[in-house]
Amino acid sequence: MKKILIILFIVAIIAVATIPMWTTMMAEKAFEKPTRSDSPEMVNNAIKLKMYFYMYAESQKIAEKAIIYFPESSYFPNYIYSAALCAERDKNINAAIHWYEYFIDKYPKHTWIDQAKNNLIRLNALHKI
């Protein structure tokens with residue numbers, strides 16, 4: 001029983017260690033075939049997974065690329081907000097301000113609008129210091 005637990009633990013570590021590589025490949029595959037119906041969702045999932053693992057710079061790059069590749073996608077607001085949030089978490093304040101402003105202008109009735117406005121106000125206040 002102890003050997004099985006050790007093996008399961010090792011497998012779990014390996015699985016977690018491969019997530020960054022796997023999510024990058026998932027996004028690249030979606031960008032290679034942007035006309036596939038599941039490509040926008042694959043990119044959205046890659047962004048979320050990278051964010052869960054605090055890979056904000058990589059997630060921001062994918063989100064910004066998704067903004068270019070999938071402007072008609074239902075995930076478009078997620079891409080913009082993710083780009084803003086990742087830029088903020090990665091201390092890229094100017095980019096965060098840009099993406100929050102874009103989100104607020106484009107989606108004034110979105111469910112995340114209050115959060116985006118509050119984040120923008122806070123960043124603008126910090127940016128002026």
# chains A, B, ... in the order shown; residues from 1 in each chain; ligands from 1
$ residues_around --residues "Asn124 in chain A" --least-positions-apart "4" --cutoff "9 Å" --atoms "only C-alpha atoms" --output "MDAnalysis selection string"
chainID A and resid 93 97 119:120 128:129
$ write_last_selection --atoms "C-alpha atoms" --output "short mmCIF file (atom, residue, chain, number, x, y, z; two decimals), in the first residue's frame"
data_model
loop_
_atom_site.label_atom_id
_atom_site.label_comp_id
_atom_site.auth_asym_id
_atom_site.auth_seq_id
_atom_site.Cartn_x
_atom_site.Cartn_y
_atom_site.Cartn_z
CA ILE A 93 0.77 48.75 -14.52
CA ILE A 97 -4.55 50.28 -17.05
CA ASN A 119 -9.11 47.93 -10.17
CA LEU A 120 -8.61 50.80 -12.61
CA LYS A 128 0.19 58.79 -9.72
CA ILE A 129 2.24 58.24 -6.55
#
$ select_by_dssp --residues "range 12-109 of chain A" --states "helix (DSSP H, G or I)" --output "number ranges by chain"
A: 12-17, 19-32, 39-52, 56-69, 76-89, 93-106
$ closest_residue --among "A:Lys117, A:Lys109, A:Lys50, A:Arg122" --to "Pro20 in chain A" --atoms "only C-alpha atoms"
A:Lys50
$ closest_residue --among "A:Phe31, A:Tyr100, A:Leu85, A:Ile7" --to "Ala66 in chain A" --atoms "only C-alpha atoms"
A:Phe31
$ atom_distance --atom1 "CA of Ile47 in chain A" --atom2 "CA of Pro108 in chain A"
22.9 Å
$ residues_around --residues "Ile62 in chain A" --least-positions-apart "5" --cutoff "10 Å" --atoms "only C-alpha atoms" --output "NGL selection string"
:A and (24 or 27-28 or 31 or 43-44 or 46-47 or 50 or 56-57 or 67 or 79 or 82-83)
$ write_last_selection --atoms "C-alpha atoms" --output "PDB file, in the first residue's frame"
ATOM      1  CA  THR A  24       1.379  26.315 -23.995  1.00  0.00           C
ATOM      2  CA  ALA A  27      -2.786  27.572 -26.930  1.00  0.00           C
ATOM      3  CA  GLU A  28      -0.342  27.114 -29.826  1.00  0.00           C
ATOM      4  CA  PHE A  31      -3.628  29.681 -32.742  1.00  0.00           C
ATOM      5  CA  VAL A  43      -7.134  29.413 -25.516  1.00  0.00           C
ATOM      6  CA  ASN A  44      -9.420  30.510 -22.705  1.00  0.00           C
ATOM      7  CA  ALA A  46      -4.921  27.746 -21.336  1.00  0.00           C
ATOM      8  CA  ILE A  47      -5.121  31.299 -19.977  1.00  0.00           C
ATOM      9  CA  LYS A  50      -1.617  29.448 -16.436  1.00  0.00           C
ATOM     10  CA  TYR A  56       0.898  35.807 -15.305  1.00  0.00           C
ATOM     11  CA  ALA A  57       3.379  36.999 -17.948  1.00  0.00           C
ATOM     12  CA  ILE A  67      -7.617  39.406 -28.573  1.00  0.00           C
ATOM     13  CA  TYR A  79      -9.359  37.653 -22.927  1.00  0.00           C
ATOM     14  CA  SER A  82      -7.438  38.328 -18.246  1.00  0.00           C
ATOM     15  CA  ALA A  83      -4.879  40.500 -20.032  1.00  0.00           C
TER      16      ALA A  83
END
$ residues_around --residues "Phe103 in chain A" --least-positions-apart "2" --cutoff "10 Å" --atoms "only C-alpha atoms" --output "list of chain:residue names"
A:Phe76, A:Pro77, A:Asn78, A:Tyr79, A:Ile80, A:Tyr81, A:Ala83, A:Ala84, A:Ile97, A:His98, A:Trp99, A:Tyr100, A:Glu101, A:Asp105, A:Lys106, A:Tyr107, A:Pro108, A:His110, A:Trp112, A:Ile113, A:Ala116, A:Lys117
$ write_last_selection --atoms "C-alpha atoms" --output "mmCIF file, in the first residue's frame"
data_model
loop_
_atom_site.group_PDB
_atom_site.id
_atom_site.type_symbol
_atom_site.label_atom_id
_atom_site.label_comp_id
_atom_site.auth_asym_id
_atom_site.auth_seq_id
_atom_site.Cartn_x
_atom_site.Cartn_y
_atom_site.Cartn_z
ATOM 1 C CA PHE A 76 -13.406 37.986 -25.992
ATOM 2 C CA PRO A 77 -14.344 39.780 -22.733
ATOM 3 C CA ASN A 78 -12.455 37.075 -20.804
ATOM 4 C CA TYR A 79 -9.359 37.653 -22.927
ATOM 5 C CA ILE A 80 -9.396 41.395 -22.284
ATOM 6 C CA TYR A 81 -10.066 41.076 -18.569
ATOM 7 C CA ALA A 83 -4.879 40.500 -20.032
ATOM 8 C CA ALA A 84 -5.627 43.306 -17.564
ATOM 9 C CA ILE A 97 -4.554 50.284 -17.053
ATOM 10 C CA HIS A 98 -4.829 50.024 -20.847
ATOM 11 C CA TRP A 99 -6.673 46.697 -20.756
ATOM 12 C CA TYR A 100 -9.007 47.709 -17.906
ATOM 13 C CA GLU A 101 -9.905 50.910 -19.782
ATOM 14 C CA ASP A 105 -15.239 51.027 -22.723
ATOM 15 C CA LYS A 106 -16.212 47.895 -24.650
ATOM 16 C CA TYR A 107 -18.336 46.137 -21.996
ATOM 17 C CA PRO A 108 -20.000 48.742 -19.736
ATOM 18 C CA HIS A 110 -20.565 43.207 -18.114
ATOM 19 C CA TRP A 112 -17.151 42.178 -14.096
ATOM 20 C CA ILE A 113 -17.515 45.920 -14.793
ATOM 21 C CA ALA A 116 -12.700 46.386 -13.495
ATOM 22 C CA LYS A 117 -13.597 49.954 -12.513
#
$ closest_residue --among "A:Lys3, A:Lys91, A:Lys29, A:Arg36" --to "Ser73 in chain A" --atoms "only C-alpha atoms"
A:Arg36
$ closest_residue --among "A:Phe9, A:Phe53, A:Tyr69, A:Trp22" --to "Thr35 in chain A" --atoms "only C-alpha atoms"
A:Tyr69
$ closest_residue --among "A:Ile68, A:Ala63, A:Leu49, A:Ala30" --to "Thr18 in chain A" --atoms "only C-alpha atoms"
A:Leu49
